[in-house]
$ cat coords-v4.cif   # mmCIF, C-alpha atoms and all ligand atoms
data_protein
loop_
_atom_site.label_atom_id
_atom_site.label_comp_id
_atom_site.auth_asym_id
_atom_site.auth_seq_id
_atom_site.Cartn_x
_atom_site.Cartn_y
_atom_site.Cartn_z
CA MET A 1 -35.54 17.05 -51.49
CA GLU A 2 -38.11 19.01 -49.50
CA LEU A 3 -36.14 22.17 -50.26
CA GLY A 4 -36.08 21.38 -53.97
CA ALA A 5 -32.55 19.96 -54.26
CA THR A 6 -32.31 17.61 -57.20
CA GLU A 7 -28.70 16.39 -56.95
CA ALA A 8 -26.35 15.32 -54.16
CA ILE A 9 -22.87 16.82 -54.38
CA GLY A 10 -21.34 14.33 -51.94
CA ASP A 11 -21.99 11.00 -50.26
CA VAL A 12 -22.12 12.34 -46.71
CA PRO A 13 -23.54 15.59 -45.30
CA VAL A 14 -21.03 18.33 -44.50
CA ASP A 15 -21.56 21.04 -41.86
CA ARG A 16 -20.18 24.05 -43.76
CA TYR A 17 -20.78 26.37 -40.81
CA ALA A 18 -18.48 24.28 -38.64
CA GLU A 19 -15.98 24.09 -41.46
CA VAL A 20 -15.31 27.76 -42.26
CA PRO A 21 -12.09 28.70 -40.45
CA ARG A 22 -11.06 32.26 -39.82
CA LYS A 23 -7.61 32.85 -41.30
CA ALA A 24 -5.77 32.90 -37.99
CA GLU A 25 -7.32 29.59 -37.00
CA VAL A 26 -6.38 27.61 -40.08
CA ALA A 27 -3.31 25.90 -38.64
CA ALA A 28 -4.65 25.26 -35.16
CA PRO A 29 -7.03 22.33 -35.73
CA ALA A 30 -4.36 20.44 -37.67
CA VAL A 31 -2.02 20.65 -34.69
CA VAL A 32 -4.70 19.61 -32.19
CA ALA A 33 -5.82 16.72 -34.40
CA LEU A 34 -2.34 15.21 -34.79
CA PRO A 35 -2.53 11.70 -33.35
CA VAL A 36 1.00 11.99 -32.03
CA GLY A 37 -0.18 14.72 -29.62
CA GLU A 38 -1.28 12.16 -27.06
CA VAL A 39 1.94 10.21 -27.27
CA ASP A 40 3.87 13.42 -26.75
CA CYS A 41 1.93 14.14 -23.56
CA VAL A 42 2.91 10.78 -22.14
CA ALA A 43 6.52 11.37 -23.18
CA GLU A 44 6.38 14.82 -21.57
CA ALA A 45 5.07 13.27 -18.37
CA ARG A 46 7.86 10.69 -18.37
CA ALA A 47 10.39 13.45 -18.89
CA ALA A 48 8.82 15.48 -16.07
CA VAL A 49 9.31 12.70 -13.51
CA ARG A 50 12.83 11.84 -14.59
CA GLY A 51 15.19 12.80 -11.81
CA VAL A 52 12.40 13.37 -9.29
CA GLN A 53 13.69 12.10 -5.93
CA SER A 54 11.09 13.08 -3.35
CA LEU A 55 7.34 13.50 -2.96
CA ALA A 56 7.82 17.27 -2.71
CA GLU A 57 9.66 17.29 -6.04
CA LEU A 58 6.99 15.07 -7.55
CA ALA A 59 4.21 17.41 -6.41
CA GLU A 60 6.09 20.32 -7.92
CA ALA A 61 6.67 18.51 -11.24
CA GLN A 62 3.07 17.31 -11.51
CA GLY A 63 1.60 20.63 -10.45
CA ALA A 64 3.63 22.34 -13.17
CA PHE A 65 2.59 19.84 -15.88
CA GLU A 66 0.87 21.89 -18.58
CA HIS A 67 -0.35 19.24 -20.98
CA CYS A 68 -3.50 18.04 -19.26
CA GLU A 69 -6.54 20.05 -20.36
CA ILE A 70 -8.44 19.17 -17.19
CA ARG A 71 -6.24 21.43 -15.10
CA LYS A 72 -7.63 24.51 -16.86
CA GLY A 73 -11.04 24.11 -15.25
CA ALA A 74 -9.78 23.21 -11.78
CA ARG A 75 -9.28 25.57 -8.85
CA ASN A 76 -6.65 23.54 -7.07
CA PHE A 77 -4.00 20.93 -7.66
CA VAL A 78 -4.84 18.01 -5.36
CA PHE A 79 -1.76 15.89 -4.72
CA SER A 80 -2.28 13.72 -1.63
CA ASP A 81 -3.26 13.59 2.00
CA GLY A 82 -2.30 11.53 5.02
CA ASN A 83 0.96 10.04 6.15
CA PRO A 84 3.28 9.17 3.23
CA ALA A 85 5.01 6.58 5.43
CA SER A 86 1.76 4.58 5.77
CA ARG A 87 1.73 0.86 5.06
CA VAL A 88 -1.44 1.40 3.00
CA MET A 89 -1.83 3.76 0.04
CA VAL A 90 -5.31 4.43 -1.33
CA ILE A 91 -5.63 5.52 -4.95
CA GLY A 92 -8.90 7.11 -6.03
CA GLU A 93 -10.12 8.61 -9.27
CA ALA A 94 -10.07 12.40 -9.23
CA PRO A 95 -11.04 15.30 -6.98
CA GLY A 96 -14.69 16.27 -6.87
CA ARG A 97 -16.10 19.67 -5.99
CA ASP A 98 -15.19 19.61 -2.30
CA GLU A 99 -11.69 18.30 -2.97
CA ASP A 100 -11.15 20.96 -5.63
CA ILE A 101 -12.11 23.65 -3.12
CA GLU A 102 -9.99 22.27 -0.26
CA GLY A 103 -7.05 21.03 -2.31
CA LYS A 104 -7.17 17.64 -0.55
CA PRO A 105 -8.36 14.24 -1.79
CA PHE A 106 -11.45 12.53 -0.42
CA VAL A 107 -12.87 15.24 1.82
CA GLY A 108 -16.47 15.25 0.53
CA ARG A 109 -19.22 12.74 1.35
CA ALA A 110 -17.41 9.84 -0.31
CA GLY A 111 -14.23 10.82 1.51
CA GLN A 112 -16.00 10.87 4.86
CA LEU A 113 -17.28 7.36 4.20
CA LEU A 114 -13.75 6.31 3.18
CA ASP A 115 -12.44 7.63 6.50
CA ARG A 116 -15.10 5.70 8.44
CA MET A 117 -14.38 2.52 6.47
CA PHE A 118 -10.66 2.56 7.19
CA ALA A 119 -11.14 3.71 10.77
CA ALA A 120 -13.11 0.48 11.25
CA ILE A 121 -9.87 -1.46 10.63
CA GLY A 122 -7.80 0.95 12.70
CA LEU A 123 -6.36 3.11 9.89
CA VAL A 124 -6.69 6.87 10.15
CA ARG A 125 -5.25 9.29 7.63
CA GLY A 126 -2.70 11.56 9.17
CA ALA A 127 -2.00 9.25 12.13
CA GLU A 128 1.69 9.45 12.98
CA ASP A 129 2.26 5.74 13.35
CA PRO A 130 2.63 4.33 9.80
CA ALA A 131 0.98 1.11 10.99
CA LYS A 132 -2.18 3.04 11.89
CA SER A 133 -2.27 5.63 9.14
CA LEU A 134 -3.34 5.95 5.51
CA TYR A 135 -1.84 7.71 2.55
CA ILE A 136 -4.34 8.90 -0.06
CA THR A 137 -4.02 10.13 -3.63
CA ASN A 138 -5.93 10.09 -6.92
CA VAL A 139 -5.06 9.14 -10.49
CA MET A 140 -6.01 12.65 -11.57
CA PRO A 141 -4.86 15.61 -9.44
CA TRP A 142 -7.36 18.06 -10.96
CA ARG A 143 -11.15 18.01 -10.87
CA PRO A 144 -12.54 16.98 -14.28
CA PRO A 145 -15.25 19.30 -15.61
CA GLY A 146 -18.66 18.26 -14.31
CA ASN A 147 -16.97 15.42 -12.41
CA ARG A 148 -16.76 13.37 -15.58
CA THR A 149 -14.63 10.24 -15.62
CA PRO A 150 -11.06 10.92 -16.80
CA GLU A 151 -10.46 9.75 -20.37
CA ALA A 152 -7.93 7.07 -21.35
CA ALA A 153 -5.49 9.63 -22.79
CA GLU A 154 -5.71 11.73 -19.61
CA ILE A 155 -5.10 8.69 -17.43
CA ALA A 156 -2.15 7.69 -19.64
CA MET A 157 -0.43 11.03 -19.18
CA MET A 158 -0.89 10.88 -15.38
CA LEU A 159 0.46 7.34 -15.16
CA PRO A 160 4.19 8.24 -15.03
CA PHE A 161 3.39 10.54 -12.07
CA LEU A 162 1.36 7.84 -10.31
CA GLU A 163 4.07 5.23 -10.85
CA ARG A 164 6.66 7.53 -9.34
CA HIS A 165 4.27 8.45 -6.54
CA VAL A 166 3.95 4.79 -5.53
CA ALA A 167 7.69 4.18 -5.89
CA LEU A 168 8.48 7.11 -3.59
CA ALA A 169 5.78 6.36 -0.98
CA GLU A 170 6.69 2.63 -0.96
CA PRO A 171 3.40 1.35 0.49
CA GLU A 172 3.17 -2.31 1.45
CA ILE A 173 -0.41 -2.47 0.17
CA ILE A 174 -2.31 -0.44 -2.40
CA VAL A 175 -6.08 -0.08 -2.45
CA LEU A 176 -7.49 0.76 -5.88
CA MET A 177 -10.75 2.61 -5.31
CA GLY A 178 -12.99 2.00 -8.32
CA ASN A 179 -12.48 1.68 -12.04
CA THR A 180 -10.20 4.61 -12.82
CA PRO A 181 -7.27 3.48 -10.67
CA CYS A 182 -7.80 -0.10 -11.94
CA SER A 183 -7.62 1.23 -15.47
CA ALA A 184 -4.43 3.16 -14.65
CA ALA A 185 -2.65 0.47 -12.65
CA LEU A 186 -3.95 -2.75 -14.21
CA GLY A 187 -5.20 -1.68 -17.63
CA GLN A 188 -8.53 -3.22 -16.65
CA VAL A 189 -11.98 -2.03 -15.64
CA GLY A 190 -14.99 -3.88 -14.28
CA ILE A 191 -14.66 -3.15 -10.59
CA LEU A 192 -17.55 -5.39 -9.58
CA LYS A 193 -15.59 -8.37 -10.93
CA LEU A 194 -12.14 -7.13 -9.91
CA ARG A 195 -12.98 -6.19 -6.33
CA GLY A 196 -11.85 -8.41 -3.53
CA GLN A 197 -9.09 -10.18 -5.47
CA TRP A 198 -5.46 -9.39 -4.80
CA VAL A 199 -3.53 -8.25 -7.85
CA ASN A 200 -0.12 -6.79 -8.54
CA ALA A 201 -0.03 -3.04 -9.15
CA PHE A 202 3.25 -1.21 -9.63
CA GLY A 203 5.03 -4.29 -8.27
CA ARG A 204 3.05 -4.32 -5.02
CA PRO A 205 0.04 -6.22 -3.67
CA ALA A 206 -3.10 -4.29 -4.48
CA LEU A 207 -6.77 -4.80 -3.72
CA PRO A 208 -9.42 -3.30 -6.00
CA MET A 209 -12.44 -2.11 -4.01
CA THR A 210 -15.71 -0.46 -4.92
CA HIS A 211 -15.50 3.31 -4.65
CA PRO A 212 -17.17 4.88 -1.58
CA ALA A 213 -19.29 7.03 -3.92
CA TYR A 214 -20.69 3.78 -5.34
CA LEU A 215 -21.31 2.53 -1.80
CA LEU A 216 -23.26 5.70 -1.01
CA ARG A 217 -25.54 4.95 -3.96
CA ASN A 218 -25.63 1.19 -3.34
CA PRO A 219 -25.57 0.58 0.41
CA ALA A 220 -26.10 -3.17 -0.12
CA ALA A 221 -22.57 -3.34 -1.56
CA LYS A 222 -21.11 -2.27 1.81
CA ARG A 223 -21.13 -5.89 2.93
CA GLU A 224 -18.58 -6.82 0.25
CA ALA A 225 -16.57 -3.69 0.94
CA TRP A 226 -16.37 -4.74 4.58
CA ALA A 227 -15.03 -8.14 3.51
CA ASP A 228 -12.41 -6.32 1.40
CA LEU A 229 -11.38 -4.14 4.34
CA LEU A 230 -10.98 -7.25 6.48
CA ALA A 231 -8.77 -8.72 3.73
CA VAL A 232 -6.57 -5.60 3.93
CA GLN A 233 -6.40 -5.93 7.70
CA ALA A 234 -5.54 -9.64 7.51
CA ARG A 235 -2.78 -8.97 5.00
CA LEU A 236 -1.32 -6.24 7.19
CA ARG A 237 -1.44 -8.55 10.20
CA SER A 238 0.35 -11.28 8.28
CA GLY A 239 3.14 -8.83 7.43
CA ALA A 240 1.74 -7.78 4.00
N1 LIG B 1 -13.56 10.60 -5.42
C1 LIG B 1 -12.29 10.26 -5.70
O1 LIG B 1 -12.03 9.28 -6.39
N2 LIG B 1 -11.32 11.01 -5.19
C2 LIG B 1 -11.55 12.06 -4.42
O2 LIG B 1 -10.59 12.70 -4.00
C3 LIG B 1 -12.88 12.40 -4.14
C4 LIG B 1 -13.88 11.66 -4.63
#

$ encode --input "coords-v4.cif" --output "structure tokens" --more "lines below"
Ligand code: URA
Amino acid sequence: MELGATEAIGDVPVDRYAEVPRKAEVAAPAVVALPVGEVDCVAEARAAVRGVQSLAELAEAQGAFEHCEIRKGARNFVFSDGNPASRVMVIGEAPGRDEDIEGKPFVGRAGQLLDRMFAAIGLVRGAEDPAKSLYITNVMPWRPPGNRTPEAAEIAMMLPFLERHVALAEPEIIVLMGNTPCSAALGQVGILKLRGQWVNAFGRPALPMTHPAYLLRNPAAKREAWADLLAVQARLRSGA
């Protein structure tokens, strides 16, 4: 009205600048916008893990998976670290900057705290004895841009890989570090409510815990995390 318009030609405003496609681009948005795209990515992931018999084959299949946009911005594929024979498998969210650079999970500040936490109950990643070691992975093997939280569709397409990862590593106990692995394994978030209670994830006993990055920001929560670590230790002592 300020510009002198006297009639509306539609009920909602339209950004014509965003709308004008160059000829070559006309078909592309329609393909990207297809709702079946997401479903296909999950199907592709399931197909990629079919026939995978070892962790080395799984790493190869996941590293070659082309359908996750996040991989485009990442330097490295971050598969796992520690001893795959460990009784305990820790599942985190996604690599951060340091992990992306090193190609290993949990090597930055949060990772150093994670190491100290588990060392306090006698578990050290890379230890040869499976009773004293840890095996560590993430839901997402690539660093999300700006360290954002992986989206539901991205988690869904990584889930077949994670399921196979757990089945091949055969841990006795899983620790779900924060909301993203809880979302992947349990279909639930709300880590402050979930933490400390044993659940079933991928057919195995699992304990959701607050993420060490959260503990760095909220040191008062370390008390509960310590109780959770003691619960892991007690379960291991009782034969898991
Ligand atoms: N946070 C995670 O969840 N995983 C990592 O590897 C590093 C930080």

$ closest_atom_pairs --input "coords-v4.cif" --of "chain A" --to "ligand LIG 1 (chain B)" --cutoff "6 Å" --atoms "only C-alpha atoms and all ligand atoms" --output "tab-separated table"
residue	atom	partner	partner_atom	distance
A:Gly92	CA	B:LIG1	O1	3.8
A:Glu93	CA	B:LIG1	O1	3.5
A:Ala94	CA	B:LIG1	N2	4.5
A:Pro95	CA	B:LIG1	O2	4.0
A:Gly96	CA	B:LIG1	C3	5.1
A:Glu99	CA	B:LIG1	O2	5.8
A:Pro105	CA	B:LIG1	O2	3.5
A:Phe106	CA	B:LIG1	O2	3.7
A:Ala110	CA	B:LIG1	C4	5.9
A:Asn138	CA	B:LIG1	N2	5.7

$ atom_distance --input "coords-v4.cif" --atom1 "CA of Val139 in chain A" --atom2 "CA of Lys222 in chain A"
23.2 Å

$ closest_atom_pairs --input "coords-v4.cif" --of "range 136-166 of chain A" --to "range 198-214 of chain A" --cutoff "10 Å" --atoms "only C-alpha atoms" --output "Markdown table"
| residue | atom | partner | partner_atom | distance |
| --- | --- | --- | --- | --- |
| A:Leu162 | CA | A:Phe202 | CA | 9.3 |
| A:Glu163 | CA | A:Phe202 | CA | 6.6 |
| A:Arg164 | CA | A:Phe202 | CA | 9.4 |
| A:Val166 | CA | A:Phe202 | CA | 7.3 |

$ atom_distance --input "coords-v4.cif" --atom1 "CA of Leu194 in chain A" --atom2 "CA of Leu123 in chain A"
23.0 Å

$ residues_near_point --input "coords-v4.cif" --point "(-0.2, 19.0, -10.3)" --cutoff "6 Å" --atoms "all atoms listed in the file" --output "list of chain:residue names"
A:Gln62, A:Gly63, A:Ala64, A:Phe77, A:Pro141

$ atom_distance --input "coords-v4.cif" --atom1 "CA of Ala185 in chain A" --atom2 "CA of Ala167 in chain A"
12.9 Å

$ closest_residue --input "coords-v4.cif" --among "A:Leu134, A:Asp98, A:Glu224, A:Glu60" --to "Lys193 in chain A" --atoms "all atoms listed in the file"
A:Glu224

$ closest_residue --input "coords-v4.cif" --among "A:Pro160, A:Gln233, A:Gly239, A:Leu216" --to "Arg50 in chain A" --atoms "all atoms listed in the file"
A:Pro160

$ residues_near_point --input "coords-v4.cif" --point "(-9.1, 23.6, -16.5)" --cutoff "9 Å" --atoms "only C-alpha atoms" --output "count of residues only"
12

$ closest_residue --input "coords-v4.cif" --among "A:Thr6, A:Asn83, A:Asn76, A:Gln197" --to "Thr137 in chain A" --atoms "all atoms listed in the file"
A:Asn83

$ closest_residue --input "coords-v4.cif" --among "A:Ala153, A:Leu55, A:Val88, A:Ala5" --to "Gly122 in chain A" --atoms "only C-alpha atoms"
A:Val88

$ closest_residue --input "coords-v4.cif" --among "A:Asp100, A:Glu154, A:Asp228, A:Glu128" --to "Ala45 in chain A" --atoms "all atoms listed in the file"
A:Glu154

$ closest_residue --input "coords-v4.cif" --among "A:Leu159, A:Leu168, A:Ala120, A:Ala184" --to "Ala225 in chain A" --atoms "all atoms listed in the file"
A:Ala120

$ residues_around --input "coords-v4.cif" --residues "Lys104 in chain A" --least-positions-apart "4" --cutoff "7 Å" --atoms "all atoms listed in the file" --output "PyMOL selection string"
chain A and resi 78+80-81+99
